[in-house]
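K.L.:
Please read through the structure below; I'll follow up with questions.
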Amino acid sequence: MKTQSEPLIIAAAMHDWLSSYLPEVRANSTNTLKAYREALTLYVRFLEDEKSVKPNNLSSGCFSSSYIQSWMIWLKDKRHSSNSTCNHRLVCLRNFLKYLSRRNIMFVQIEAEAYEIKAMRSPKKGMDEITKDAMKALFAAPNLNTSIGKRDFALFNLIYNTATRIDEILSLTISSLHLDGKSKDCITVWGKGTKRRTIFILPEVAKIIKAYIKAFHGPTPSPTDFLFFSHYGGGKKKLTQEAIDKRLKLYASIANKKCADLPKNLHSHSLRHARATHWLEDGLNIVMIQKLLGHEDINTTMGYVGVSTEQKAKALEAIEDDLAKKMAKKWKSVKKTDSLVDFLGLK
């Protein structure tokens, strides 16, 4: 039985990791997949441009700690990446090497060495505190005499009051809403890792959403239509996060004139942070906030409410148990090329 060469083993693992393991087994989001692919592509380009590595001499030695440390310096000096960005790239590479070592024992040593590499020092950015008065000023900013103002008012109210991620809200369809009055009003969202959760909404928020649906979807809305949509390109298209963040910054600039506590550089995720902090200020248990936010690790939740240091100190510690499964699919085809990026399918 012919043994696969190291280049083919690495190429097969990289292909399966990006195309099967991450999207199917780990069910990572599109943005996460993009980040992993970018990190690997940058590492491969570094190997090719700085170390003259080609498909025929790709080996476990190309992932040595000295190579990886040189890569991080290359990212910082030649690509002008911040320390935090370099550290994130390192995490992505480590995760691939972990998968590679599970597939083939010959790579266990390089995985262990990669985890010994120290991350670059990166100052932790504090979250801007957004007071309840600042939120009131923000919600007063949209012009309710216009269609887009009514839409934005409903959208931002729903994001803040449910503390959901922006993509969770933008992915909502009419069928995801349960506002029939037979029980408590709620919405069903799909979070990270395609995890489904039901979130109850306050009566006043439900009233805003019902009025919005009546105005924008008519008396008989289609269950498959996006709740919040754009008519760009014909049909009801899903709104983009970039478009929403642009609108939010516009309102933040208006609201800041009335309430200086509101940061001008506001983005949709700020509303999620603000709601989590306000829940804690209202006396809600940190564990309950963790459930509402859909976090697996309570330490992540504490990062959302970092402005309340004394309350944060009272939170319970939790350990996230992250189990990885093996994937073993064969590398079906390899292109004959001298380009390492092409050979690994990262172009």
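Following the order of the structure tokens, chains are lettered A, B, ..., residues in each are numbered from 1, and ligands are numbered from 1.
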So that I can check the surroundings of Ala215 of chain A, please list as a list in words every protein, DNA and RNA residue that reaches within 12 Å of it, counting only C-alpha atoms and ignoring chain neighbours fewer than 4 positions away.
P.N.:
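These residues fall inside the cut-off: Thr146, Ser147, Ile148, Lys150, Arg151, Ala154, Ile208, Ile209, Lys210, Ala211, Pro219, Thr220, Pro221, Leu227 and Phe228 of chain A.
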K.L.:
Return as a list in words the full set of residues in segment 144-285 of chain A whose backbone-based DSSP assignment is strand (DSSP E or B).
P.N.:
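Answer for segment 144-285 of chain A restricted to strand (DSSP E or B) is Thr173, Leu177, His178, Cys186, Ile187, Thr188, Val189, Trp190, Arg196, Arg197, Thr198, Ile199, Phe200, Phe226, Phe229, Ser230, Lys237 and Lys238 of chain A.
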K.L.:
Determine, counting only C-alpha atoms, which protein, DNA and RNA residues have an atom within 8 Å of an atom of Ser64 of chain A; residues of the same chain fewer than 5 positions away are not included. Present the result as a PyMOL selection string.
P.N.:
chain A and resi 110+113-114
K.L.:
What lies within 10 Å of Ser5 of chain A using only C-alpha atoms, ignoring chain neighbours under 5 positions off, as a PyMOL selection string?
P.N.:
chain A and resi 10+56+58-59
K.L.:
Residues of the last selection are to be written out with N, CA and C atoms, as a PDB file, in the first residue's frame.
P.N.:
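Result written to selection35.pdb:
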```pdb
ATOM      1  N   ILE A  10      -1.012  17.130   4.007  1.00  0.00           N
ATOM      2  CA  ILE A  10      -1.314  18.501   4.460  1.00  0.00           C
ATOM      3  C   ILE A  10      -2.397  19.119   3.579  1.00  0.00           C
ATOM      4  N   ASN A  56       6.276  20.622  -3.729  1.00  0.00           N
ATOM      5  CA  ASN A  56       7.094  19.411  -3.585  1.00  0.00           C
ATOM      6  C   ASN A  56       7.917  19.376  -2.307  1.00  0.00           C
ATOM      7  N   LEU A  58       6.784  20.966   0.702  1.00  0.00           N
ATOM      8  CA  LEU A  58       5.917  21.287   1.833  1.00  0.00           C
ATOM      9  C   LEU A  58       5.981  20.137   2.834  1.00  0.00           C
ATOM     10  N   SER A  59       6.235  20.445   4.098  1.00  0.00           N
ATOM     11  CA  SER A  59       6.382  19.394   5.099  1.00  0.00           C
ATOM     12  C   SER A  59       6.007  19.906   6.478  1.00  0.00           C
TER      13      SER A  59
END
```
K.L.:
Let me make sure I understand: among A:Met14, A:Met72, A:Leu248, A:Leu33, which one has the smallest atom-to-atom distance to Leu97 of chain A if we use only C-alpha atoms?
P.N.:
A:Met14
K.L.:
Determine the nearest neighbour of Lys118 of chain A from the options A:Val91, A:Gly149, A:Glu204, A:Leu284, counting only C-alpha atoms.
P.N.:
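For Lys118 of chain A, the nearest of the given residues is A:Val91.
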K.L.:
When distances are computed from only C-alpha atoms, which of A:Trp190, A:Lys236, A:Met288, A:Phe153 shows the smallest separation from Ala27 of chain A?
P.N.:
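When distances to Ala27 of chain A are compared using only C-alpha atoms, the smallest one comes from A:Trp190.
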K.L.:
Name the residues of segment 127-234 of chain A that come out as alpha helix (DSSP H) in a backbone DSSP run; write them as a compact mmCIF listing (two decimals) with N, CA and C atoms, in the first residue's frame.
P.N.:
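And here is the file that came out, selection25.txt:
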```
# COMPACT_ATOMS: atom_id res chain seq x y z
N LYS A 132 -28.88 54.14 29.94
CA LYS A 132 -30.28 54.00 29.52
C LYS A 132 -30.79 55.31 28.91
N ASP A 133 -30.32 56.43 29.43
CA ASP A 133 -30.72 57.73 28.86
C ASP A 133 -30.18 57.86 27.44
N ALA A 134 -28.98 57.33 27.21
CA ALA A 134 -28.39 57.38 25.87
C ALA A 134 -29.23 56.55 24.90
N MET A 135 -29.74 55.42 25.37
CA MET A 135 -30.58 54.57 24.52
C MET A 135 -31.89 55.28 24.19
N LYS A 136 -32.44 56.00 25.14
CA LYS A 136 -33.67 56.75 24.88
C LYS A 136 -33.44 57.81 23.80
N ALA A 137 -32.28 58.46 23.87
CA ALA A 137 -31.94 59.48 22.87
C ALA A 137 -31.78 58.84 21.50
N LEU A 138 -31.21 57.64 21.46
CA LEU A 138 -31.02 56.94 20.18
C LEU A 138 -32.36 56.59 19.56
N PHE A 139 -33.29 56.08 20.35
CA PHE A 139 -34.59 55.68 19.82
C PHE A 139 -35.45 56.87 19.43
N SER A 147 -40.79 56.15 5.96
CA SER A 147 -40.82 54.69 5.97
C SER A 147 -39.55 54.09 6.55
N ILE A 148 -38.39 54.62 6.12
CA ILE A 148 -37.13 54.08 6.60
C ILE A 148 -36.94 54.36 8.09
N GLY A 149 -37.47 55.49 8.56
CA GLY A 149 -37.40 55.81 9.98
C GLY A 149 -38.22 54.83 10.81
N LYS A 150 -39.41 54.48 10.31
CA LYS A 150 -40.26 53.51 11.01
C LYS A 150 -39.60 52.13 11.04
N ARG A 151 -39.00 51.78 9.90
CA ARG A 151 -38.33 50.47 9.85
C ARG A 151 -37.17 50.42 10.83
N ASP A 152 -36.33 51.46 10.83
CA ASP A 152 -35.16 51.47 11.70
C ASP A 152 -35.56 51.49 13.17
N PHE A 153 -36.62 52.20 13.48
CA PHE A 153 -37.11 52.26 14.86
C PHE A 153 -37.50 50.86 15.34
N ALA A 154 -38.21 50.14 14.50
CA ALA A 154 -38.64 48.77 14.86
C ALA A 154 -37.43 47.84 14.94
N LEU A 155 -36.52 47.97 13.99
CA LEU A 155 -35.34 47.11 13.94
C LEU A 155 -34.47 47.28 15.16
N PHE A 156 -34.12 48.52 15.50
CA PHE A 156 -33.21 48.76 16.62
C PHE A 156 -33.86 48.46 17.97
N ASN A 157 -35.16 48.65 18.05
CA ASN A 157 -35.87 48.26 19.27
C ASN A 157 -35.79 46.76 19.49
N LEU A 158 -35.96 46.02 18.42
CA LEU A 158 -35.94 44.56 18.53
C LEU A 158 -34.53 44.06 18.86
N ILE A 159 -33.51 44.64 18.22
CA ILE A 159 -32.13 44.24 18.51
C ILE A 159 -31.80 44.49 19.98
N TYR A 160 -32.12 45.70 20.45
CA TYR A 160 -31.76 46.07 21.83
C TYR A 160 -32.54 45.25 22.85
N ASN A 161 -33.83 45.15 22.69
CA ASN A 161 -34.66 44.51 23.71
C ASN A 161 -34.47 43.00 23.78
N THR A 162 -34.00 42.39 22.71
CA THR A 162 -33.74 40.94 22.74
C THR A 162 -32.26 40.63 22.88
N ILE A 166 -26.81 40.81 15.26
CA ILE A 166 -27.41 41.49 14.12
C ILE A 166 -27.85 40.51 13.04
N ASP A 167 -27.02 39.49 12.76
CA ASP A 167 -27.40 38.55 11.71
C ASP A 167 -28.60 37.70 12.12
N GLU A 168 -28.75 37.46 13.42
CA GLU A 168 -29.92 36.71 13.90
C GLU A 168 -31.20 37.49 13.60
N ILE A 169 -31.14 38.80 13.78
CA ILE A 169 -32.32 39.63 13.51
C ILE A 169 -32.56 39.77 12.02
N LEU A 170 -31.49 40.02 11.25
CA LEU A 170 -31.66 40.20 9.81
C LEU A 170 -32.09 38.91 9.11
N PRO A 203 -44.30 43.23 25.78
CA PRO A 203 -45.54 43.61 25.08
C PRO A 203 -45.40 44.87 24.24
N GLU A 204 -44.66 45.87 24.76
CA GLU A 204 -44.53 47.13 24.01
C GLU A 204 -43.69 46.93 22.74
N VAL A 205 -42.72 46.02 22.82
CA VAL A 205 -41.91 45.72 21.63
C VAL A 205 -42.74 44.93 20.62
N ALA A 206 -43.53 43.99 21.12
CA ALA A 206 -44.40 43.21 20.24
C ALA A 206 -45.38 44.13 19.51
N LYS A 207 -45.84 45.15 20.20
CA LYS A 207 -46.77 46.12 19.60
C LYS A 207 -46.09 46.87 18.46
N ILE A 208 -44.83 47.25 18.66
CA ILE A 208 -44.07 47.96 17.62
C ILE A 208 -43.88 47.06 16.40
N ILE A 209 -43.54 45.80 16.63
CA ILE A 209 -43.29 44.86 15.53
C ILE A 209 -44.58 44.56 14.77
N LYS A 210 -45.69 44.40 15.48
CA LYS A 210 -46.97 44.14 14.83
C LYS A 210 -47.36 45.31 13.92
N ALA A 211 -47.15 46.54 14.42
CA ALA A 211 -47.47 47.73 13.61
C ALA A 211 -46.56 47.80 12.39
N TYR A 212 -45.29 47.42 12.58
CA TYR A 212 -44.34 47.42 11.47
C TYR A 212 -44.78 46.41 10.41
N ILE A 213 -45.13 45.21 10.82
CA ILE A 213 -45.55 44.17 9.88
C ILE A 213 -46.77 44.61 9.09
N LYS A 214 -47.71 45.21 9.76
CA LYS A 214 -48.93 45.68 9.10
C LYS A 214 -48.61 46.73 8.04
N ALA A 215 -47.66 47.61 8.37
CA ALA A 215 -47.31 48.70 7.44
C ALA A 215 -46.44 48.23 6.29
N PHE A 216 -45.55 47.27 6.54
CA PHE A 216 -44.56 46.88 5.53
C PHE A 216 -44.86 45.55 4.83
N HIS A 217 -45.67 44.72 5.45
CA HIS A 217 -45.96 43.41 4.86
C HIS A 217 -47.43 43.22 4.49
```
K.L.:
Rank A:Pro223, A:Ala163, A:Leu340, A:Ala140 by their smallest atom-to-atom distance to Thr301 of chain A, using only C-alpha atoms, and report the top residue only.
P.N.:
A:Ala163
K.L.:
Counting only C-alpha atoms, figure out which residue out of A:Ala119, A:Thr188, A:Lys246, A:Asp282 gets nearest to Ser82 of chain A.
P.N.:
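Result for the nearest residue to Ser82 of chain A: A:Ala119.
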K.L.:
Just the residues within 6 Å of segment 259-266 of chain A, please, counting only C-alpha atoms, with nothing from its chain fewer than 4 positions along; format it as JSON, numbers by chain.
P.N.:
{"A": [134, 249, 252, 253]}
K.L.:
Would you export the selected residues with C-alpha atoms as a PDB file, in the first residue's frame, please?
P.N.:
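Done, and the output landed in part.pdb:
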```
ATOM      1  CA  ALA A 134     -28.391  57.378  25.866  1.00  0.00           C
ATOM      2  CA  LYS A 249     -24.054  55.711  13.117  1.00  0.00           C
ATOM      3  CA  ALA A 252     -25.938  58.057  16.944  1.00  0.00           C
ATOM      4  CA  SER A 253     -24.580  61.309  15.541  1.00  0.00           C
TER       5      SER A 253
END
```
K.L.:
Go through A:Leu280, A:Ala141, A:Ala35, A:Ile117 one by one, measure the shortest atom-to-atom distance of each to Arg247 of chain A using only C-alpha atoms, and give the residue with the smallest value.
P.N.:
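Ranking A:Leu280, A:Ala141, A:Ala35, A:Ile117 by distance to Arg247 of chain A, first place goes to A:Ala141.
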K.L.:
Would you mind listing what lies within 9 Å of Ile68 of chain A as a list of chain:residue names, with only C-alpha atoms counted and same-chain residues fewer than 2 positions away left out?
P.N.:
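Skipping anything fewer than 2 positions along the chain leaves A:Tyr43, A:Cys62, A:Phe63, A:Ser64, A:Ser65, A:Ser66, A:Ser70, A:Trp71, A:Met72, A:Ile73, A:Leu90, A:Leu93, A:Ala114, A:Ile117.
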K.L.:
Set the distance at 12 Å and use only C-alpha atoms: which residues neighbour Glu48 of chain A once local chain neighbours fewer than 2 positions away are removed? I'd like the list as a PyMOL selection string.
P.N.:
chain A and resi 41-46+50-58+62+67+71+338-344
